[in-house]
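Student: Okay, so here is start-v8.cif, and as you'll see once you scroll down, it has mmCIF, C-alpha atoms and all ligand atoms.
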```
data_entry
loop_
_atom_site.group_PDB
_atom_site.id
_atom_site.type_symbol
_atom_site.label_atom_id
_atom_site.label_comp_id
_atom_site.auth_asym_id
_atom_site.auth_seq_id
_atom_site.Cartn_x
_atom_site.Cartn_y
_atom_site.Cartn_z
ATOM 1 C CA MET A 1 0.000 0.000 0.000
ATOM 2 C CA SER A 2 1.442 3.379 -1.030
ATOM 3 C CA LEU A 3 0.539 7.036 -0.865
ATOM 4 C CA VAL A 4 0.072 8.974 -4.105
ATOM 5 C CA VAL A 5 1.322 12.580 -3.989
ATOM 6 C CA VAL A 6 0.703 15.170 -6.700
ATOM 7 C CA GLY A 7 2.202 18.650 -6.951
ATOM 8 C CA SER A 8 5.165 20.777 -7.918
ATOM 9 C CA VAL A 9 8.660 19.361 -8.329
ATOM 10 C CA ALA A 10 10.959 22.335 -8.473
ATOM 11 C CA TYR A 11 14.208 24.118 -7.982
ATOM 12 C CA ASP A 12 14.172 26.898 -5.409
ATOM 13 C CA GLY A 13 16.345 29.903 -4.647
ATOM 14 C CA VAL A 14 16.082 30.726 -0.937
ATOM 15 C CA GLU A 15 17.429 33.483 1.281
ATOM 16 C CA THR A 16 17.034 33.427 5.063
ATOM 17 C CA PRO A 17 18.944 35.285 7.804
ATOM 18 C CA HIS A 18 21.204 32.188 7.943
ATOM 19 C CA GLY A 19 22.291 32.160 4.324
ATOM 20 C CA LYS A 20 21.388 31.984 0.700
ATOM 21 C CA VAL A 21 21.148 29.169 -1.837
ATOM 22 C CA ASP A 22 20.660 29.925 -5.529
ATOM 23 C CA ARG A 23 19.296 26.575 -6.620
ATOM 24 C CA ILE A 24 18.220 23.696 -4.457
ATOM 25 C CA LEU A 25 15.777 20.827 -4.904
ATOM 26 C CA GLY A 26 12.254 21.923 -3.937
ATOM 27 C CA GLY A 27 8.594 21.721 -4.831
ATOM 28 C CA ALA A 28 5.583 20.842 -2.725
ATOM 29 C CA ALA A 29 5.337 17.236 -3.988
ATOM 30 C CA THR A 30 9.036 16.725 -3.294
ATOM 31 C CA TYR A 31 8.680 17.796 0.338
ATOM 32 C CA ILE A 32 5.403 15.922 0.890
ATOM 33 C CA ALA A 33 6.779 12.669 -0.536
ATOM 34 C CA LEU A 34 10.112 12.926 1.320
ATOM 35 C CA SER A 35 8.327 13.523 4.611
ATOM 36 C CA ALA A 36 5.675 10.822 4.047
ATOM 37 C CA SER A 37 8.282 8.271 2.991
ATOM 38 C CA TYR A 38 9.285 7.776 6.647
ATOM 39 C CA PHE A 39 5.840 6.279 7.238
ATOM 40 C CA VAL A 40 4.735 4.690 3.960
ATOM 41 C CA PRO A 41 6.131 4.130 0.442
ATOM 42 C CA SER A 42 5.157 7.103 -1.727
ATOM 43 C CA ARG A 43 4.441 7.503 -5.422
ATOM 44 C CA ILE A 44 4.997 10.970 -6.805
ATOM 45 C CA VAL A 45 3.248 12.629 -9.765
ATOM 46 C CA GLY A 46 4.849 15.744 -11.210
ATOM 47 C CA VAL A 47 6.609 17.276 -14.173
ATOM 48 C CA VAL A 48 10.194 18.435 -14.691
ATOM 49 C CA GLY A 49 12.321 19.713 -17.557
ATOM 50 C CA ASP A 50 15.435 18.128 -18.966
ATOM 51 C CA ASP A 51 17.501 20.309 -16.622
ATOM 52 C CA PHE A 52 16.323 18.183 -13.673
ATOM 53 C CA ALA A 53 19.375 16.435 -12.248
ATOM 54 C CA GLN A 54 19.614 12.662 -12.181
ATOM 55 C CA GLU A 55 21.083 12.908 -8.667
ATOM 56 C CA ASP A 56 17.850 14.537 -7.453
ATOM 57 C CA LEU A 57 15.781 11.720 -8.967
ATOM 58 C CA ASP A 58 18.190 9.244 -7.357
ATOM 59 C CA PHE A 59 17.735 10.957 -3.978
ATOM 60 C CA LEU A 60 13.947 10.543 -4.215
ATOM 61 C CA SER A 61 14.251 6.917 -5.369
ATOM 62 C CA SER A 62 16.587 6.167 -2.482
ATOM 63 C CA ARG A 63 13.747 7.100 -0.066
ATOM 64 C CA ASP A 64 11.238 4.511 -1.267
ATOM 65 C CA ILE A 65 9.595 7.097 -3.520
ATOM 66 C CA ASP A 66 8.305 5.792 -6.844
ATOM 67 C CA ILE A 67 9.271 8.361 -9.511
ATOM 68 C CA GLN A 68 7.559 6.657 -12.438
ATOM 69 C CA GLY A 69 4.909 9.419 -12.309
ATOM 70 C CA ILE A 70 7.438 12.223 -12.842
ATOM 71 C CA GLU A 71 7.126 13.276 -16.461
ATOM 72 C CA ARG A 72 10.251 14.740 -18.048
ATOM 73 C CA VAL A 73 9.601 17.272 -20.829
ATOM 74 C CA GLN A 74 12.427 17.331 -23.367
ATOM 75 C CA GLY A 75 13.572 20.871 -24.096
ATOM 76 C CA GLY A 76 11.602 22.225 -21.111
ATOM 77 C CA LYS A 77 12.768 23.811 -17.867
ATOM 78 C CA THR A 78 11.791 22.785 -14.365
ATOM 79 C CA PHE A 79 9.534 25.054 -12.254
ATOM 80 C CA PHE A 80 11.649 27.618 -10.395
ATOM 81 C CA TRP A 81 10.616 29.528 -7.280
ATOM 82 C CA GLN A 82 12.658 32.134 -5.400
ATOM 83 C CA GLY A 83 11.868 33.704 -2.053
ATOM 84 C CA VAL A 84 13.362 35.757 0.758
ATOM 85 C CA TYR A 85 12.355 35.480 4.424
ATOM 86 C CA THR A 86 11.801 38.220 6.985
ATOM 87 C CA PRO A 87 14.248 38.294 9.956
ATOM 88 C CA ASP A 88 11.778 36.374 12.209
ATOM 89 C CA MET A 89 11.127 33.947 9.322
ATOM 90 C CA ASN A 90 7.364 34.047 9.869
ATOM 91 C CA ASP A 91 6.844 35.656 6.498
ATOM 92 C CA ARG A 92 8.429 35.567 3.074
ATOM 93 C CA THR A 93 8.338 37.485 -0.161
ATOM 94 C CA THR A 94 8.235 35.620 -3.451
ATOM 95 C CA LEU A 95 10.796 37.179 -5.771
ATOM 96 C CA ARG A 96 10.288 34.921 -8.746
ATOM 97 C CA THR A 97 7.957 32.183 -9.953
ATOM 98 C CA ASP A 98 8.919 30.661 -13.313
ATOM 99 C CA LEU A 99 6.248 28.063 -13.991
ATOM 100 C CA ASN A 100 8.093 26.662 -17.027
ATOM 101 C CA VAL A 101 6.883 23.070 -17.697
ATOM 102 C CA PHE A 102 4.564 23.294 -14.663
ATOM 103 C CA ALA A 103 2.346 25.721 -16.624
ATOM 104 C CA ASP A 104 1.112 22.831 -18.819
ATOM 105 C CA PHE A 105 1.045 20.199 -16.083
ATOM 106 C CA ASN A 106 -1.800 17.790 -16.716
ATOM 107 C CA PRO A 107 -1.225 14.913 -14.324
ATOM 108 C CA ARG A 108 -1.881 11.440 -15.683
ATOM 109 C CA LEU A 109 -1.340 8.671 -13.203
ATOM 110 C CA PRO A 110 0.664 5.608 -14.254
ATOM 111 C CA GLU A 111 -1.583 2.529 -14.296
ATOM 112 C CA SER A 112 0.203 1.084 -11.261
ATOM 113 C CA TYR A 113 -0.729 4.152 -9.127
ATOM 114 C CA ARG A 114 -4.484 3.994 -9.808
ATOM 115 C CA SER A 115 -5.398 1.233 -7.402
ATOM 116 C CA GLU A 116 -3.880 3.002 -4.363
ATOM 117 C CA HIS A 117 -6.079 4.086 -1.445
ATOM 118 C CA HIS A 118 -4.388 7.220 -0.132
ATOM 119 C CA LEU A 119 -4.012 10.462 -2.051
ATOM 120 C CA PHE A 120 -2.609 13.880 -1.213
ATOM 121 C CA LEU A 121 -3.225 16.666 -3.694
ATOM 122 C CA GLY A 122 -0.609 19.393 -3.418
ATOM 123 C CA ASN A 123 -1.314 22.958 -4.371
ATOM 124 C CA ILE A 124 -2.183 22.923 -8.099
ATOM 125 C CA GLN A 125 -5.159 24.145 -10.116
ATOM 126 C CA PRO A 126 -8.346 22.738 -8.489
ATOM 127 C CA GLU A 127 -9.666 21.208 -11.707
ATOM 128 C CA LEU A 128 -6.454 19.197 -12.093
ATOM 129 C CA GLN A 129 -6.769 18.056 -8.484
ATOM 130 C CA LYS A 130 -10.293 16.867 -9.257
ATOM 131 C CA ASN A 131 -9.114 15.006 -12.379
ATOM 132 C CA VAL A 132 -6.449 13.193 -10.400
ATOM 133 C CA ARG A 133 -8.896 12.009 -7.794
ATOM 134 C CA ALA A 134 -11.159 10.708 -10.568
ATOM 135 C CA GLN A 135 -8.241 8.547 -11.768
ATOM 136 C CA MET A 136 -8.196 6.673 -8.433
ATOM 137 C CA PRO A 137 -11.497 4.780 -8.156
ATOM 138 C CA HIS A 138 -10.500 2.942 -4.952
ATOM 139 C CA VAL A 139 -9.329 5.962 -2.997
ATOM 140 C CA ALA A 140 -10.189 5.722 0.712
ATOM 141 C CA LEU A 141 -8.628 8.910 2.067
ATOM 142 C CA THR A 142 -8.145 12.079 0.014
ATOM 143 C CA GLY A 143 -6.809 15.364 1.242
ATOM 144 C CA GLY A 144 -5.117 18.378 -0.152
ATOM 145 C CA ASP A 145 -3.824 21.876 -0.012
ATOM 146 C CA THR A 146 -4.606 25.044 -1.924
ATOM 147 C CA MET A 147 -3.536 28.706 -1.933
ATOM 148 C CA ASN A 148 -4.887 32.266 -1.981
ATOM 149 C CA TYR A 149 -4.772 32.507 -5.797
ATOM 150 C CA TRP A 150 -7.148 29.550 -6.311
ATOM 151 C CA ILE A 151 -9.405 30.683 -3.448
ATOM 152 C CA LYS A 152 -9.777 34.144 -4.959
ATOM 153 C CA ASP A 153 -9.905 33.519 -8.713
ATOM 154 C CA PHE A 154 -11.071 29.882 -9.037
ATOM 155 C CA ARG A 155 -13.548 29.710 -6.187
ATOM 156 C CA ALA A 156 -16.307 27.746 -7.936
ATOM 157 C CA GLN A 157 -13.833 25.138 -9.242
ATOM 158 C CA LEU A 158 -12.192 24.897 -5.842
ATOM 159 C CA LEU A 159 -15.493 24.359 -4.031
ATOM 160 C CA ASP A 160 -16.461 21.690 -6.556
ATOM 161 C CA THR A 161 -13.113 19.949 -5.968
ATOM 162 C CA ILE A 162 -12.863 19.984 -2.171
ATOM 163 C CA ARG A 163 -16.453 18.771 -1.896
ATOM 164 C CA GLU A 164 -15.052 15.287 -2.572
ATOM 165 C CA TRP A 165 -12.154 15.473 -0.111
ATOM 166 C CA ASP A 166 -11.891 13.956 3.358
ATOM 167 C CA PHE A 167 -9.590 16.645 4.666
ATOM 168 C CA LEU A 168 -8.329 20.062 3.736
ATOM 169 C CA LEU A 169 -4.977 21.300 5.037
ATOM 170 C CA ILE A 170 -4.471 25.058 4.741
ATOM 171 C CA ASN A 171 -3.019 27.925 6.753
ATOM 172 C CA ASP A 172 -5.016 30.308 8.918
ATOM 173 C CA ALA A 173 -5.049 33.164 6.392
ATOM 174 C CA GLU A 174 -6.366 30.790 3.710
ATOM 175 C CA ALA A 175 -9.049 29.454 6.076
ATOM 176 C CA ARG A 176 -10.243 33.005 6.715
ATOM 177 C CA GLN A 177 -10.210 33.845 3.012
ATOM 178 C CA LEU A 178 -12.031 30.659 1.992
ATOM 179 C CA SER A 179 -14.749 31.010 4.627
ATOM 180 C CA GLY A 180 -15.074 34.803 4.732
ATOM 181 C CA GLU A 181 -14.947 34.531 8.537
ATOM 182 C CA GLN A 182 -12.235 36.232 10.610
ATOM 183 C CA ASN A 183 -12.800 34.118 13.718
ATOM 184 C CA LEU A 184 -10.979 30.821 13.236
ATOM 185 C CA ARG A 185 -13.592 28.686 14.952
ATOM 186 C CA ARG A 186 -16.349 30.123 12.790
ATOM 187 C CA ALA A 187 -14.120 29.829 9.726
ATOM 188 C CA ALA A 188 -13.596 26.142 10.460
ATOM 189 C CA ALA A 189 -17.309 25.531 10.966
ATOM 190 C CA ALA A 190 -18.043 27.143 7.601
ATOM 191 C CA ILE A 191 -15.364 25.101 5.805
ATOM 192 C CA LEU A 192 -16.628 21.847 7.336
ATOM 193 C CA GLU A 193 -19.929 22.588 5.572
ATOM 194 C CA MET A 194 -18.092 22.605 2.212
ATOM 195 C CA GLY A 195 -17.413 18.858 2.089
ATOM 196 C CA PRO A 196 -14.307 17.782 4.023
ATOM 197 C CA HIS A 197 -15.128 16.171 7.379
ATOM 198 C CA THR A 198 -11.714 17.191 8.732
ATOM 199 C CA LEU A 199 -9.893 20.505 8.493
ATOM 200 C CA ILE A 200 -6.324 21.111 9.592
ATOM 201 C CA VAL A 201 -5.323 24.742 9.950
ATOM 202 C CA LYS A 202 -1.555 25.322 9.941
ATOM 203 C CA ARG A 203 -0.316 28.229 12.013
ATOM 204 C CA GLY A 204 3.387 28.299 11.131
ATOM 205 C CA GLU A 205 5.675 28.213 14.152
ATOM 206 C CA TYR A 206 2.602 28.241 16.435
ATOM 207 C CA GLY A 207 1.488 24.755 15.377
ATOM 208 C CA ALA A 208 -1.797 23.539 13.971
ATOM 209 C CA ILE A 209 -5.431 22.941 14.870
ATOM 210 C CA LEU A 210 -7.466 19.966 13.704
ATOM 211 C CA PHE A 211 -11.182 20.664 13.409
ATOM 212 C CA ARG A 212 -14.073 18.228 13.083
ATOM 213 C CA ARG A 213 -17.757 18.963 13.523
ATOM 214 C CA ASP A 214 -17.807 17.707 17.084
ATOM 215 C CA CYS A 215 -14.293 18.452 18.360
ATOM 216 C CA HIS A 216 -11.006 20.173 17.788
ATOM 217 C CA PHE A 217 -7.414 19.385 18.733
ATOM 218 C CA MET A 218 -4.611 21.904 19.150
ATOM 219 C CA ALA A 219 -0.968 21.020 18.604
ATOM 220 C CA PRO A 220 1.862 23.445 19.271
ATOM 221 C CA GLY A 221 4.813 23.888 16.946
ATOM 222 C CA TYR A 222 8.055 22.289 18.086
ATOM 223 C CA LEU A 223 10.333 24.890 19.669
ATOM 224 C CA LEU A 224 13.494 24.740 17.587
ATOM 225 C CA GLU A 225 16.659 26.440 18.769
ATOM 226 C CA THR A 226 17.568 27.505 15.241
ATOM 227 C CA VAL A 227 15.334 27.725 12.198
ATOM 228 C CA PHE A 228 17.558 27.687 9.107
ATOM 229 C CA ASP A 229 14.978 27.587 6.349
ATOM 230 C CA PRO A 230 11.186 27.181 6.744
ATOM 231 C CA THR A 231 10.679 26.428 3.024
ATOM 232 C CA GLY A 232 8.622 23.274 2.654
ATOM 233 C CA ALA A 233 7.674 23.049 6.342
ATOM 234 C CA GLY A 234 3.948 23.187 5.542
ATOM 235 C CA ASP A 235 4.368 20.495 2.915
ATOM 236 C CA CYS A 236 6.380 18.337 5.309
ATOM 237 C CA PHE A 237 3.570 18.762 7.844
ATOM 238 C CA ALA A 238 1.197 17.448 5.167
ATOM 239 C CA GLY A 239 3.541 14.547 4.384
ATOM 240 C CA GLY A 240 3.823 13.558 8.044
ATOM 241 C CA PHE A 241 0.054 13.831 8.531
ATOM 242 C CA ILE A 242 -1.116 11.782 5.530
ATOM 243 C CA GLY A 243 1.960 9.538 5.579
ATOM 244 C CA TYR A 244 1.235 8.436 9.128
ATOM 245 C CA LEU A 245 -2.451 7.793 8.350
ATOM 246 C CA ALA A 246 -1.625 5.896 5.151
ATOM 247 C CA GLY A 247 0.988 3.819 6.984
ATOM 248 C CA GLN A 248 -1.633 2.903 9.597
ATOM 249 C CA GLY A 249 -4.199 2.088 6.889
ATOM 250 C CA VAL A 250 -6.561 4.756 8.231
ATOM 251 C CA GLY A 251 -9.258 5.810 5.829
ATOM 252 C CA VAL A 252 -12.245 4.096 4.333
ATOM 253 C CA SER A 253 -15.164 6.090 5.713
ATOM 254 C CA THR A 254 -15.864 8.902 8.112
ATOM 255 C CA ALA A 255 -17.473 6.466 10.522
ATOM 256 C CA ASP A 256 -14.274 4.426 10.744
ATOM 257 C CA LEU A 257 -11.978 7.380 11.235
ATOM 258 C CA ASP A 258 -10.325 7.112 14.609
ATOM 259 C CA VAL A 259 -9.936 10.632 16.000
ATOM 260 C CA ALA A 260 -7.019 9.499 18.192
ATOM 261 C CA GLU A 261 -5.167 8.504 15.002
ATOM 262 C CA LEU A 262 -5.923 11.913 13.502
ATOM 263 C CA ARG A 263 -4.425 13.556 16.596
ATOM 264 C CA ARG A 264 -1.285 11.429 16.328
ATOM 265 C CA ALA A 265 -1.085 12.337 12.650
ATOM 266 C CA VAL A 266 -1.157 16.062 13.519
ATOM 267 C CA ILE A 267 1.757 15.565 15.924
ATOM 268 C CA PHE A 268 3.756 13.636 13.304
ATOM 269 C CA GLY A 269 2.960 16.509 10.934
ATOM 270 C CA SER A 270 4.381 19.032 13.407
ATOM 271 C CA VAL A 271 7.434 16.851 13.994
ATOM 272 C CA MET A 272 8.186 16.572 10.260
ATOM 273 C CA GLY A 273 7.641 20.305 9.699
ATOM 274 C CA SER A 274 10.123 21.053 12.454
ATOM 275 C CA PHE A 275 12.831 18.777 11.051
ATOM 276 C CA CYS A 276 12.426 20.385 7.640
ATOM 277 C CA CYS A 277 13.433 23.788 9.074
ATOM 278 C CA GLU A 278 16.738 22.538 10.491
ATOM 279 C CA GLN A 279 18.659 22.729 7.212
ATOM 280 C CA PHE A 280 18.314 24.393 3.822
ATOM 281 C CA GLY A 281 15.822 22.952 1.361
ATOM 282 C CA PRO A 282 15.164 19.231 1.869
ATOM 283 C CA ASP A 283 18.723 18.577 3.091
ATOM 284 C CA ARG A 284 17.644 17.467 6.562
ATOM 285 C CA PHE A 285 16.046 14.406 4.958
ATOM 286 C CA ARG A 286 19.422 13.231 3.705
ATOM 287 C CA THR A 287 20.379 12.208 7.237
ATOM 288 C CA LEU A 288 17.154 12.068 9.283
ATOM 289 C CA ARG A 289 16.308 8.642 10.725
ATOM 290 C CA ARG A 290 12.935 7.266 11.856
ATOM 291 C CA GLU A 291 14.214 6.860 15.465
ATOM 292 C CA GLN A 292 14.803 10.625 15.623
ATOM 293 C CA ILE A 293 11.232 11.249 14.474
ATOM 294 C CA ASP A 294 9.841 8.939 17.134
ATOM 295 C CA ALA A 295 12.014 10.556 19.811
ATOM 296 C CA ARG A 296 10.704 14.026 18.934
ATOM 297 C CA TYR A 297 7.127 12.672 18.908
ATOM 298 C CA ARG A 298 7.648 11.450 22.503
ATOM 299 C CA GLU A 299 9.134 14.816 23.435
ATOM 300 C CA PHE A 300 5.919 16.426 22.170
ATOM 301 C CA GLN A 301 3.946 14.162 24.495
ATOM 302 C CA SER A 302 6.028 15.109 27.512
ATOM 303 C CA CYS A 303 5.946 18.870 26.884
ATOM 304 C CA THR A 304 2.194 19.080 26.281
ATOM 305 C CA ALA A 305 0.866 16.725 29.000
ATOM 306 C CA PHE A 306 -0.822 18.358 31.998
HETATM 307 P P1 LIG B 401 5.889 25.727 1.683
HETATM 308 O O1 LIG B 401 7.053 26.438 2.312
HETATM 309 O O2 LIG B 401 5.420 24.539 2.474
HETATM 310 O O3 LIG B 401 4.787 26.665 1.300
HETATM 311 O O4 LIG B 401 6.419 25.090 0.300
HETATM 312 C C1 LIG B 401 7.352 25.727 -0.495
HETATM 313 C C2 LIG B 401 7.526 24.945 -1.803
HETATM 314 O O5 LIG B 401 6.393 25.196 -2.635
HETATM 315 C C3 LIG B 401 8.759 25.373 -2.565
HETATM 316 O O6 LIG B 401 9.653 24.282 -2.662
HETATM 317 C C4 LIG B 401 8.268 25.841 -3.933
HETATM 318 O O7 LIG B 401 8.986 25.259 -4.996
HETATM 319 C C5 LIG B 401 6.819 25.407 -3.980
HETATM 320 N N1 LIG B 401 5.968 26.459 -4.568
HETATM 321 C C6 LIG B 401 6.087 27.805 -4.427
HETATM 322 N N2 LIG B 401 5.115 28.451 -5.119
HETATM 323 C C7 LIG B 401 4.342 27.489 -5.689
HETATM 324 C C8 LIG B 401 3.192 27.498 -6.544
HETATM 325 N N3 LIG B 401 2.627 28.639 -6.963
HETATM 326 N N4 LIG B 401 2.671 26.311 -6.935
HETATM 327 C C9 LIG B 401 3.219 25.166 -6.528
HETATM 328 N N5 LIG B 401 4.313 25.068 -5.752
HETATM 329 C C10 LIG B 401 4.882 26.219 -5.338
#
```
Can you turn what I pasted into structure tokens?
Tutor:
Amino acid sequence: MSLVVVGSVAYDGVETPHGKVDRILGGAATYIALSASYFVPSRIVGVVGDDFAQEDLDFLSSRDIDIQGIERVQGGKTFFWQGVYTPDMNDRTTLRTDLNVFADFNPRLPESYRSEHHLFLGNIQPELQKNVRAQMPHVALTGGDTMNYWIKDFRAQLLDTIREWDFLLINDAEARQLSGEQNLRRAAAAILEMGPHTLIVKRGEYGAILFRRDCHFMAPGYLLETVFDPTGAGDCFAGGFIGYLAGQGVGVSTADLDVAELRRAVIFGSVMGSFCCEQFGPDRFRTLRREQIDARYREFQSCTAF
């Protein structure tokens, strides 16, 4: 059983108060799959140009990530994103977004991916997200991400797409924008009327809140001593969350969903987001071991129990 992940595969240029890298492996699908791969084998769907390095594909393959679904466009260039962070690293400015081959991305799942049961739809055009889900007739748990651009300019398509999802994972500003409610609790209630039975609101370094109709669960962010680069932290949260659930075989129907498992998944999400920030780009995942993840998970338990 594997997790299918769809989204951007990119090169990023990143500047934080700790340094600057001109070109490093990035992309939402890259981070989600790397993070999830500690819990479940992952199968990635994306598009790259012929400038995409073999060593980056090899890195993904070495982590139990199936790269058969990465389409390589001859003569095309890989998606490039560049950003600079504020001194407290809670905010960033996008300096450049070159969509390149990503502009014509029309994900088609390899035959071997279609029978999988767990799907995470990274931030791409809502209609494409909907098409991907339709290619997986046996899907038991579907969730995804979106962004301000789709909420503002593609609202009808987005609503039609998330109607079919089990969970939506967005940040607090996006939850307010999507619902039109400033109060987070009211925003969550409104979003839970749109289709998903579970909503996870990411709050950057402050953690995340999981909302369901009848309950909510608040998880803090892990207090790191040094944050080198927050790029991809939200995606790694997503990878930890769905990866844990997929690894446990959680899904099927709302009635079967064990809320305790959802809570554990939120903590694994926070843990994976925190590791991501410890080095530039996805570099932390070159050395991170599962025992370290489990140790930080236990640390979370001890510093939140009362
Ligand atoms: P995060 O920090 O979790 O928001 O994820 C950052 C990653 O998202 C980077 O590696 C970028 O390559 C990727 N990214 C940035 N902008 C977009 C976009 N418009 N669509 C898809 N992926 C993007």
Student: Could you jot down the atom C3 of ligand LIG 401 (chain B) to CA of Ile293 in chain A separation for me, Å, one decimal place?
Tutor: 22.3 Å
Student: In terms of the shortest atom-to-atom distance over all atoms listed in the file, which of A:Thr231, A:Thr287, A:Ser270, A:Gln292 is closest to ligand LIG 401 (chain B)?
Tutor: A:Thr231
Student: Which distance in Å separates CA of Ala140 in chain A and CA of Gly251 in chain A, to one decimal?
Tutor: 5.2 Å
Student: Could you check how far CA of Arg108 in chain A sits from atom C6 of ligand LIG 401 (chain B), in Å to one decimal?
Tutor: 21.4 Å
Student: Show me which residues sit within 7 Å of ligand LIG 401 (chain B) when counting all atoms listed in the file, and put them as a PyMOL selection string.
Tutor: chain A and resi 7-12+26-28+80-81+97+123-124+230-236
Student: Could you please take those selected residues and save C-alpha atoms as a compact mmCIF listing (two decimals), in the coordinates of the input?
Tutor:
```
# COMPACT_ATOMS: atom_id res chain seq x y z
CA GLY A 7 2.20 18.65 -6.95
CA SER A 8 5.16 20.78 -7.92
CA VAL A 9 8.66 19.36 -8.33
CA ALA A 10 10.96 22.34 -8.47
CA TYR A 11 14.21 24.12 -7.98
CA ASP A 12 14.17 26.90 -5.41
CA GLY A 26 12.25 21.92 -3.94
CA GLY A 27 8.59 21.72 -4.83
CA ALA A 28 5.58 20.84 -2.72
CA PHE A 80 11.65 27.62 -10.40
CA TRP A 81 10.62 29.53 -7.28
CA THR A 97 7.96 32.18 -9.95
CA ASN A 123 -1.31 22.96 -4.37
CA ILE A 124 -2.18 22.92 -8.10
CA PRO A 230 11.19 27.18 6.74
CA THR A 231 10.68 26.43 3.02
CA GLY A 232 8.62 23.27 2.65
CA ALA A 233 7.67 23.05 6.34
CA GLY A 234 3.95 23.19 5.54
CA ASP A 235 4.37 20.50 2.92
CA CYS A 236 6.38 18.34 5.31
```
Student: Using only C-alpha atoms, find the one residue out of A:Phe217, A:Ser42, A:Thr94, A:Tyr85 that sits nearest to Ala260 in chain A.
Tutor: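 Using only C-alpha atoms, the shortest distance to Ala260 in chain A belongs to A:Phe217.
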Student: Would you list the contacts of Phe275 in chain A as a PDB file with C-alpha atoms, in the frame of the given file, taking every protein, DNA or RNA residue within 12 Å and counting all atoms listed in the file, but skipping same-chain residues closer than 3 positions in sequence?
Tutor:
```pdb
ATOM      1  CA  TYR A  31       8.680  17.796   0.338  1.00  0.00           C
ATOM      2  CA  LEU A  34      10.112  12.926   1.320  1.00  0.00           C
ATOM      3  CA  SER A  35       8.327  13.523   4.611  1.00  0.00           C
ATOM      4  CA  GLY A 221       4.813  23.888  16.946  1.00  0.00           C
ATOM      5  CA  TYR A 222       8.055  22.289  18.086  1.00  0.00           C
ATOM      6  CA  LEU A 223      10.333  24.890  19.669  1.00  0.00           C
ATOM      7  CA  LEU A 224      13.494  24.740  17.587  1.00  0.00           C
ATOM      8  CA  GLU A 225      16.659  26.440  18.769  1.00  0.00           C
ATOM      9  CA  THR A 226      17.568  27.505  15.241  1.00  0.00           C
ATOM     10  CA  VAL A 227      15.334  27.725  12.198  1.00  0.00           C
ATOM     11  CA  PHE A 228      17.558  27.687   9.107  1.00  0.00           C
ATOM     12  CA  ASP A 229      14.978  27.587   6.349  1.00  0.00           C
ATOM     13  CA  PRO A 230      11.186  27.181   6.744  1.00  0.00           C
ATOM     14  CA  THR A 231      10.679  26.428   3.024  1.00  0.00           C
ATOM     15  CA  GLY A 232       8.622  23.274   2.654  1.00  0.00           C
ATOM     16  CA  ALA A 233       7.674  23.049   6.342  1.00  0.00           C
ATOM     17  CA  GLY A 234       3.948  23.187   5.542  1.00  0.00           C
ATOM     18  CA  ASP A 235       4.368  20.495   2.915  1.00  0.00           C
ATOM     19  CA  CYS A 236       6.380  18.337   5.309  1.00  0.00           C
ATOM     20  CA  PHE A 237       3.570  18.762   7.844  1.00  0.00           C
ATOM     21  CA  GLY A 240       3.823  13.558   8.044  1.00  0.00           C
ATOM     22  CA  PHE A 268       3.756  13.636  13.304  1.00  0.00           C
ATOM     23  CA  GLY A 269       2.960  16.509  10.934  1.00  0.00           C
ATOM     24  CA  SER A 270       4.381  19.032  13.407  1.00  0.00           C
ATOM     25  CA  VAL A 271       7.434  16.851  13.994  1.00  0.00           C
ATOM     26  CA  MET A 272       8.186  16.572  10.260  1.00  0.00           C
ATOM     27  CA  GLU A 278      16.738  22.538  10.491  1.00  0.00           C
ATOM     28  CA  GLN A 279      18.659  22.729   7.212  1.00  0.00           C
ATOM     29  CA  PHE A 280      18.314  24.393   3.822  1.00  0.00           C
ATOM     30  CA  GLY A 281      15.822  22.952   1.361  1.00  0.00           C
ATOM     31  CA  PRO A 282      15.164  19.231   1.869  1.00  0.00           C
ATOM     32  CA  ASP A 283      18.723  18.577   3.091  1.00  0.00           C
ATOM     33  CA  ARG A 284      17.644  17.467   6.562  1.00  0.00           C
ATOM     34  CA  PHE A 285      16.046  14.406   4.958  1.00  0.00           C
ATOM     35  CA  ARG A 286      19.422  13.231   3.705  1.00  0.00           C
ATOM     36  CA  THR A 287      20.379  12.208   7.237  1.00  0.00           C
ATOM     37  CA  LEU A 288      17.154  12.068   9.283  1.00  0.00           C
ATOM     38  CA  ARG A 289      16.308   8.642  10.725  1.00  0.00           C
ATOM     39  CA  ARG A 290      12.935   7.266  11.856  1.00  0.00           C
ATOM     40  CA  GLN A 292      14.803  10.625  15.623  1.00  0.00           C
ATOM     41  CA  ILE A 293      11.232  11.249  14.474  1.00  0.00           C
ATOM     42  CA  ASP A 294       9.841   8.939  17.134  1.00  0.00           C
ATOM     43  CA  ARG A 296      10.704  14.026  18.934  1.00  0.00           C
ATOM     44  CA  TYR A 297       7.127  12.672  18.908  1.00  0.00           C
TER      45      TYR A 297
END
```
Student: Could you give me, as an MDAnalysis selection string, the residues within 12 Å of Asp104 in chain A, counting all atoms listed in the file and dropping anything in the same chain fewer than 2 positions from it?
Tutor: chainID A and resid 8 46:49 71 73 76:79 99:102 106:107 124:125 128
Student: Between A:Asp214, A:Leu168, A:Ala33, A:Ser179, which is the closest to Val201 in chain A once you count all atoms listed in the file?
Tutor: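 When distances to Val201 in chain A are compared using all atoms listed in the file, the smallest one comes from A:Leu168.
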Student: Using all atoms listed in the file, which residue out of A:Met1, A:Ala305, A:Leu257, A:Ala103 lies closest to Phe39 in chain A?
Tutor: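 Counting all atoms listed in the file, the residue closest to Phe39 in chain A is A:Met1.
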Student: Using the chain letters and numbers from the file, give me the residues hit by the PyMOL selection byres (((chain A and resi 151) around 12) and not hetatm), as an MDAnalysis selection string.
Tutor: chainID A and resid 123:126 145:150 152:162 170 173:180
